[in-house]
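S.K.: Input: one structure, supplied below.
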Amino acid sequence: MAKQLLSGRLTSKGQLTIPVELRNLLNLNEGDRLAFVLDENEKIIEVQPKTKKSIRGVMGALKSTTEVNIDEAIESARVERAKDLKKRSMELKDE
């Protein structure tokens, strides 16, 4: 595979403009983060897109003292949110 030089521009605020070809190649979107992997001489050897993590993706990252069913927890949160929205809606109708 031939090497291809792609360059970006660094702004005074430290923001880097990534060429569209590279954004497309790495499937990057606005707000995505990048990890810069350095070698022992502090030279960049790799740039990795950091994926956004969902609640399901981070399950198990924290130790739990109780067993949690994520689907039940999500459904419970939805029910509580719906109750809260209904309550607020009723309060607005009373005004």
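Within each chain, counting starts at residue 1; across the structure tokens, chains are named A, B, ... in the order shown, with ligands numbered 1 upward in that order.
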Using only C-alpha atoms, determine which residues lie at most 6 Å from region 29-34 of chain A, disregarding the query and same-chain residues fewer than 4 positions distant; provide the list as a ChimeraX atom specification.
M.R.: /A:48-50
S.K.: Create the file for the chosen residues now, containing N, CA and C atoms and written as a PDB file, in the first residue's frame.
M.R.:
ATOM      1  N   GLN A  48      -6.448   6.936  16.236  1.00  0.00           N
ATOM      2  CA  GLN A  48      -7.593   6.027  16.335  1.00  0.00           C
ATOM      3  C   GLN A  48      -8.855   6.811  16.651  1.00  0.00           C
ATOM      4  N   PRO A  49      -9.932   6.572  15.915  1.00  0.00           N
ATOM      5  CA  PRO A  49     -11.209   7.186  16.294  1.00  0.00           C
ATOM      6  C   PRO A  49     -11.664   6.593  17.621  1.00  0.00           C
ATOM      7  N   LYS A  50     -12.144   7.442  18.516  1.00  0.00           N
ATOM      8  CA  LYS A  50     -12.684   6.965  19.785  1.00  0.00           C
ATOM      9  C   LYS A  50     -14.186   6.858  19.610  1.00  0.00           C
TER      10      LYS A  50
END
S.K.: Please identify which residues in chain A DSSP calls alpha helix (DSSP H) from the backbone, and express them as a PyMOL selection string.
M.R.: chain A and resi 20-25+70-94
S.K.: Quick one: distance from CA of Leu25 (chain A) to CA of Leu6 (chain A) in Å, one decimal?
M.R.: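 Interatomic distance here is 11.7 Å.
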S.K.: Would you please extract all strand (DSSP E) residues from chain A, as assigned by DSSP on the backbone, and give them as a PDB file with N, CA and C atoms, in the first residue's frame?
M.R.:
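Listing of result_18.pdb after writing:
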ATOM      1  N   ARG A   9      -4.849  21.669   9.160  1.00  0.00           N
ATOM      2  CA  ARG A   9      -4.401  22.980   9.625  1.00  0.00           C
ATOM      3  C   ARG A   9      -4.743  23.125  11.102  1.00  0.00           C
ATOM      4  N   LEU A  10      -3.785  23.611  11.887  1.00  0.00           N
ATOM      5  CA  LEU A  10      -3.972  23.848  13.311  1.00  0.00           C
ATOM      6  C   LEU A  10      -4.312  25.315  13.522  1.00  0.00           C
ATOM      7  N   LEU A  16      -7.725  21.206  15.137  1.00  0.00           N
ATOM      8  CA  LEU A  16      -7.134  20.655  13.931  1.00  0.00           C
ATOM      9  C   LEU A  16      -8.224  20.389  12.894  1.00  0.00           C
ATOM     10  N   THR A  17      -8.034  20.919  11.703  1.00  0.00           N
ATOM     11  CA  THR A  17      -8.937  20.630  10.596  1.00  0.00           C
ATOM     12  C   THR A  17      -8.443  19.352   9.929  1.00  0.00           C
ATOM     13  N   ARG A  33     -14.196  11.951  18.777  1.00  0.00           N
ATOM     14  CA  ARG A  33     -12.888  12.186  19.378  1.00  0.00           C
ATOM     15  C   ARG A  33     -11.862  11.275  18.724  1.00  0.00           C
ATOM     16  N   LEU A  34     -10.604  11.703  18.798  1.00  0.00           N
ATOM     17  CA  LEU A  34      -9.507  10.920  18.251  1.00  0.00           C
ATOM     18  C   LEU A  34      -8.486  10.653  19.345  1.00  0.00           C
ATOM     19  N   ALA A  35      -7.889   9.470  19.304  1.00  0.00           N
ATOM     20  CA  ALA A  35      -6.802   9.126  20.211  1.00  0.00           C
ATOM     21  C   ALA A  35      -5.522   9.108  19.392  1.00  0.00           C
ATOM     22  N   PHE A  36      -4.492   9.777  19.884  1.00  0.00           N
ATOM     23  CA  PHE A  36      -3.197   9.814  19.219  1.00  0.00           C
ATOM     24  C   PHE A  36      -2.260   8.883  19.975  1.00  0.00           C
ATOM     25  N   VAL A  37      -1.785   7.837  19.304  1.00  0.00           N
ATOM     26  CA  VAL A  37      -0.897   6.846  19.910  1.00  0.00           C
ATOM     27  C   VAL A  37       0.542   7.262  19.618  1.00  0.00           C
ATOM     28  N   LEU A  38       1.341   7.400  20.688  1.00  0.00           N
ATOM     29  CA  LEU A  38       2.727   7.840  20.556  1.00  0.00           C
ATOM     30  C   LEU A  38       3.675   6.681  20.807  1.00  0.00           C
ATOM     31  N   ILE A  44       3.945  10.456  16.862  1.00  0.00           N
ATOM     32  CA  ILE A  44       2.643   9.852  16.596  1.00  0.00           C
ATOM     33  C   ILE A  44       2.839   8.679  15.642  1.00  0.00           C
ATOM     34  N   ILE A  45       2.366   7.510  16.064  1.00  0.00           N
ATOM     35  CA  ILE A  45       2.455   6.345  15.196  1.00  0.00           C
ATOM     36  C   ILE A  45       1.088   5.883  14.720  1.00  0.00           C
ATOM     37  N   GLU A  46       0.047   6.394  15.363  1.00  0.00           N
ATOM     38  CA  GLU A  46      -1.296   5.963  14.981  1.00  0.00           C
ATOM     39  C   GLU A  46      -2.325   6.970  15.492  1.00  0.00           C
ATOM     40  N   VAL A  47      -3.398   7.140  14.738  1.00  0.00           N
ATOM     41  CA  VAL A  47      -4.544   7.943  15.151  1.00  0.00           C
ATOM     42  C   VAL A  47      -5.747   7.027  15.113  1.00  0.00           C
ATOM     43  N   GLN A  48      -6.448   6.936  16.236  1.00  0.00           N
ATOM     44  CA  GLN A  48      -7.593   6.027  16.335  1.00  0.00           C
ATOM     45  C   GLN A  48      -8.855   6.811  16.651  1.00  0.00           C
ATOM     46  N   PRO A  49      -9.932   6.572  15.915  1.00  0.00           N
ATOM     47  CA  PRO A  49     -11.209   7.186  16.294  1.00  0.00           C
ATOM     48  C   PRO A  49     -11.664   6.593  17.621  1.00  0.00           C
ATOM     49  N   LYS A  50     -12.144   7.442  18.516  1.00  0.00           N
ATOM     50  CA  LYS A  50     -12.684   6.965  19.785  1.00  0.00           C
ATOM     51  C   LYS A  50     -14.186   6.858  19.610  1.00  0.00           C
TER      52      LYS A  50
END
